[in-house]
Amino acid sequence: MQRRYPLPTRVLSNGEFRPLAQTHQQKLTEKTLESLAVRFGRKLGWSRRRFLGSTCGMAAAFLAMNSVYGGIFDVLPAEASEPEAAEAIRKSLDQQFIFDVQLHYVRDQYAWQGLAGLRRYARNWNKDLGAENSDLEKIKFDNFIDEVFLQSQTKIGLLSGAPSDDPQKWFLTNDEIAKTRSVINGIAGSRRLLAHAIFTPGQPGWLEEIDRAIETLHPDSWKGYTIGDPLGPSRYPWRLDDEQLVYPAYEKMVKAGIRNVCIHKGLLPDDYQTSFPDLWRYATVDDVGKAARDWPRLNFIIYHAALRPLQDFAPEYLSSFEANGYIPWVSELAAIPAKFKVDNVYAELGTAFASSAVTYPRHCAVLLSTLIKGLGVDKVLWGTDSVWYGSPQWQIEAFRRIEIPADLQEKFALPPLGKADGLVKSAIFGLNSARLYDVALAPKTLSLLDRERISARYS
């Protein structure tokens, strides 16, 4: 029987790479959490399952992480043993402004069963998914609304998509993304969901599709994959700094006033150098600096913070990381503003934060601080890559609590992250994105959005 844990206990995958096997530290975290659940649950007269599903259980999970990895997460023992204390802390942050700039689901007609494997992967780290049927319904509209807006404290989101060389494998068309935005905002009576338009340099009719999107769909920003197709080798890779192919699209974006250009980078499979021998370099950030310098009126938002394959968490890599604090591709991204003298490069945290926080949180903490130090605290954006993995609430809780260990702050001259509702985390959680997308900072609660009303409007 699979246990349900408040936090993942294995690395996750968004379907674009194979996840790591469970580490020794993660197994020890599970064992410690089980012990805490028995200890504190017994005192409260609760079953282990009830305890692990409570706010006390969430606190206990962070205590378990700290016992294994050191004092990285801000949590008090009283939160695990006293429901009133845990609830008081939760309520104090209930109205925190959280803007998730990377959300996904797939259209009703989506038929490629391979994508259902995302939830099967997620079972390895999110035990709350252990008993569900791994079918495509779990990554469709109704469950998207439930897990993102009803089961988490997310206030505003940006719906994204992903292209493919095979049109049947697109998660959502640009029209479907725009329609979802219209439905959600119509019910909420305000701007609660924003929409990407996917652009695909090199594919037939791609420039005409940009014109059509500008004219009829009015996207809030653009999403592109320089690797071409995240699910397999593509015939259409491209570079951000390709003057002949891509710069004409930038001209259209600037003229239309839709200037946020979101680009998927990193997250390749562990064997990327052999499985993508001619393509993997398109996933690096060596094309970002020149494009940003040539197009200062555009904002280049690098999704996943360009984190390289998560198989980098092998012991030899972590030993090197502990010695020098260098994170391949992420450190290069953070160095771009100084190297190219630009201030229009951003990093988004989807999957990069989630996977590293549960695998090696010291690495995760340095990743965050490296981005803040290099790009600026106003250039890092919150995103979770949900709904692939279930509700993003645990990611929200983890980010609120994580801190740079003191030894790493001193060793690498890194700035601290601060309190859950402090300047740094508040900026990343939502203030930065609100500025980029001209969102008013007085959002209403999304609790009025029930699945039945939304589904009725969407059908």
# chains A, B, ... in the order shown; residues from 1 in each chain; ligands from 1
$ residues_around --residues "stretch 177-183 of chain A" --least-positions-apart "5" --cutoff "6 Å" --atoms "only C-alpha atoms" --output "list of chain:residue names"
A:Leu193, A:Leu194, A:Ala195
$ select_by_dssp --residues "stretch 223-367 of chain A" --states "strand (DSSP E)" --output "NGL selection string"
:A and (223-225 or 260-264 or 299-303 or 345-348)
$ select_by_dssp --residues "stretch 189-427 of chain A" --states "alpha helix (DSSP H)" --output "JSON, numbers by chain"
{"A": [206, 207, 208, 209, 210, 211, 212, 247, 248, 249, 250, 251, 252, 253, 254, 255, 256, 272, 273, 274, 275, 288, 289, 290, 291, 292, 293, 294, 315, 316, 317, 318, 319, 320, 321, 322, 323, 324, 330, 331, 332, 333, 334, 335, 336, 337, 338, 339, 340, 352, 353, 354, 355, 356, 357, 358, 359, 361, 362, 363, 364, 365, 366, 367, 368, 369, 370, 371, 372, 373, 374, 375, 393, 394, 395, 396, 397, 398, 399, 400, 401, 406, 407, 408, 409, 410, 411, 412, 423, 424, 425, 426]}
$ residues_around --residues "A:Met253" --least-positions-apart "6" --cutoff "12 Å" --atoms "only C-alpha atoms" --output "number ranges by chain"
A: 197, 199, 207, 210-211, 213-215, 218-223, 246-247, 259-261, 295, 297-299
$ closest_residue --among "A:Ser160, A:Thr55, A:Ser391, A:Ser386" --to "A:Glu176" --atoms "only C-alpha atoms"
A:Ser160
$ residues_around --residues "A:Ala88" --least-positions-apart "4" --cutoff "12 Å" --atoms "only C-alpha atoms" --output "list in words"
Thr55, Cys56, Ala78, Glu79, Glu82, Pro83, Glu84, Ser92, Leu93 and Asp94 of chain A
$ residues_around --residues "A:Leu7" --least-positions-apart "4" --cutoff "10 Å" --atoms "only C-alpha atoms" --output "mmCIF file with C-alpha atoms, in the first residue's frame"
data_model
loop_
_atom_site.group_PDB
_atom_site.id
_atom_site.type_symbol
_atom_site.label_atom_id
_atom_site.label_comp_id
_atom_site.auth_asym_id
_atom_site.auth_seq_id
_atom_site.Cartn_x
_atom_site.Cartn_y
_atom_site.Cartn_z
ATOM 1 C CA GLU A 30 10.206 9.005 4.318
ATOM 2 C CA LEU A 52 -0.253 13.211 7.111
ATOM 3 C CA GLY A 57 1.536 16.656 8.608
ATOM 4 C CA MET A 58 2.893 19.245 6.187
ATOM 5 C CA ALA A 59 4.951 20.778 8.990
ATOM 6 C CA ALA A 60 6.205 17.343 10.004
ATOM 7 C CA ALA A 61 7.373 16.754 6.435
ATOM 8 C CA PHE A 62 9.578 19.843 6.606
ATOM 9 C CA MET A 65 13.553 17.193 5.522
ATOM 10 C CA TRP A 125 7.018 11.281 -5.589
ATOM 11 C CA ASN A 126 3.480 12.408 -4.805
ATOM 12 C CA LYS A 127 1.907 9.526 -2.907
ATOM 13 C CA ASP A 128 -1.402 11.383 -2.878
ATOM 14 C CA ALA A 357 13.602 21.061 -3.564
ATOM 15 C CA VAL A 358 12.724 17.414 -2.922
ATOM 16 C CA GLN A 393 0.135 23.727 -2.829
ATOM 17 C CA TRP A 394 3.120 21.763 -1.539
ATOM 18 C CA GLN A 395 5.395 23.795 -3.806
ATOM 19 C CA GLU A 397 4.571 25.723 1.188
ATOM 20 C CA ALA A 398 8.130 24.672 0.347
#
$ closest_residue --among "A:Ser356, A:Asn344, A:Tyr69, A:Val366" --to "A:Ala291" --atoms "only C-alpha atoms"
A:Asn344
$ atom_distance --atom1 "atom CA of A:Ile336" --atom2 "atom CA of A:Gly350"
20.0 Å
$ residues_around --residues "A:Ile156" --least-positions-apart "3" --cutoff "9 Å" --atoms "only C-alpha atoms" --output "list in words"
Phe97, Ile98, Phe99, Asp100, Val101, Phe149, Arg191, Arg192, Leu193, Leu194, Gly430, Pro443 and Leu446 of chain A
$ write_last_selection --atoms "C-alpha atoms" --output "PDB file, in the first residue's frame"
ATOM      1  CA  PHE A  97      -0.660  37.051  -3.736  1.00  0.00           C
ATOM      2  CA  ILE A  98       0.448  34.059  -5.802  1.00  0.00           C
ATOM      3  CA  PHE A  99       0.635  34.306  -9.575  1.00  0.00           C
ATOM      4  CA  ASP A 100       1.590  31.031 -11.272  1.00  0.00           C
ATOM      5  CA  VAL A 101       2.954  31.742 -14.754  1.00  0.00           C
ATOM      6  CA  PHE A 149      -7.473  26.923  -8.060  1.00  0.00           C
ATOM      7  CA  ARG A 191      -8.732  38.787 -14.664  1.00  0.00           C
ATOM      8  CA  ARG A 192      -7.867  35.446 -13.070  1.00  0.00           C
ATOM      9  CA  LEU A 193      -6.350  33.536 -15.979  1.00  0.00           C
ATOM     10  CA  LEU A 194      -3.969  34.782 -18.635  1.00  0.00           C
ATOM     11  CA  GLY A 430       3.531  37.355  -7.673  1.00  0.00           C
ATOM     12  CA  PRO A 443      -7.259  39.938  -6.393  1.00  0.00           C
ATOM     13  CA  LEU A 446     -11.121  32.111  -6.461  1.00  0.00           C
TER      14      LEU A 446
END
$ residues_around --residues "A:Arg362" --least-positions-apart "4" --cutoff "12 Å" --atoms "only C-alpha atoms" --output "PyMOL selection string"
chain A and resi 65-66+68-73+313+318-319+321-322+325+327+353+356-358+366-369+402-409
$ atom_distance --atom1 "atom CA of A:Glu243" --atom2 "atom CA of A:Asp287"
11.2 Å
$ closest_residue --among "A:Gln203, A:Thr29, A:Ser164, A:Thr154" --to "A:Thr384" --atoms "only C-alpha atoms"
A:Thr154
$ closest_residue --among "A:Gly53, A:Gly383, A:Gly374, A:Pro392" --to "A:Ala413" --atoms "only C-alpha atoms"
A:Gly374
$ closest_residue --among "A:Ala440, A:His304, A:Gln273, A:Ala323" --to "A:Ser355" --atoms "only C-alpha atoms"
A:His304
$ decode --residues "stretch 249-280 of chain A" --atoms "C-alpha atoms" --output "PDB file, in the first residue's frame"
ATOM      1  CA  ALA A 249       8.458  37.676 -35.349  1.00  0.00           C
ATOM      2  CA  TYR A 250       9.960  39.969 -32.720  1.00  0.00           C
ATOM      3  CA  GLU A 251       9.047  42.941 -34.896  1.00  0.00           C
ATOM      4  CA  LYS A 252       5.431  41.812 -34.894  1.00  0.00           C
ATOM      5  CA  MET A 253       5.444  41.282 -31.116  1.00  0.00           C
ATOM      6  CA  VAL A 254       6.878  44.716 -30.393  1.00  0.00           C
ATOM      7  CA  LYS A 255       4.451  46.411 -32.780  1.00  0.00           C
ATOM      8  CA  ALA A 256       1.509  44.613 -31.146  1.00  0.00           C
ATOM      9  CA  GLY A 257       2.684  45.575 -27.665  1.00  0.00           C
ATOM     10  CA  ILE A 258       2.764  41.919 -26.529  1.00  0.00           C
ATOM     11  CA  ARG A 259       6.323  41.916 -25.303  1.00  0.00           C
ATOM     12  CA  ASN A 260       6.730  38.991 -22.883  1.00  0.00           C
ATOM     13  CA  VAL A 261       8.462  36.146 -24.723  1.00  0.00           C
ATOM     14  CA  CYS A 262       8.528  32.945 -22.659  1.00  0.00           C
ATOM     15  CA  ILE A 263      11.037  30.330 -23.769  1.00  0.00           C
ATOM     16  CA  HIS A 264      11.403  26.729 -22.659  1.00  0.00           C
ATOM     17  CA  LYS A 265      15.043  25.872 -21.907  1.00  0.00           C
ATOM     18  CA  GLY A 266      16.762  22.944 -20.224  1.00  0.00           C
ATOM     19  CA  LEU A 267      15.008  19.811 -18.924  1.00  0.00           C
ATOM     20  CA  LEU A 268      16.423  17.368 -21.435  1.00  0.00           C
ATOM     21  CA  PRO A 269      16.644  13.588 -20.871  1.00  0.00           C
ATOM     22  CA  ASP A 270      19.711  12.255 -19.104  1.00  0.00           C
ATOM     23  CA  ASP A 271      21.117  10.858 -22.337  1.00  0.00           C
ATOM     24  CA  TYR A 272      20.527  14.108 -24.219  1.00  0.00           C
ATOM     25  CA  GLN A 273      23.950  14.161 -25.871  1.00  0.00           C
ATOM     26  CA  THR A 274      23.236  10.859 -27.626  1.00  0.00           C
ATOM     27  CA  SER A 275      19.443  10.960 -27.985  1.00  0.00           C
ATOM     28  CA  PHE A 276      19.469  14.597 -29.164  1.00  0.00           C
ATOM     29  CA  PRO A 277      22.967  14.794 -30.718  1.00  0.00           C
ATOM     30  CA  ASP A 278      22.081  17.523 -33.203  1.00  0.00           C
ATOM     31  CA  LEU A 279      19.451  19.299 -31.132  1.00  0.00           C
ATOM     32  CA  TRP A 280      20.420  19.549 -27.455  1.00  0.00           C
TER      33      TRP A 280
END
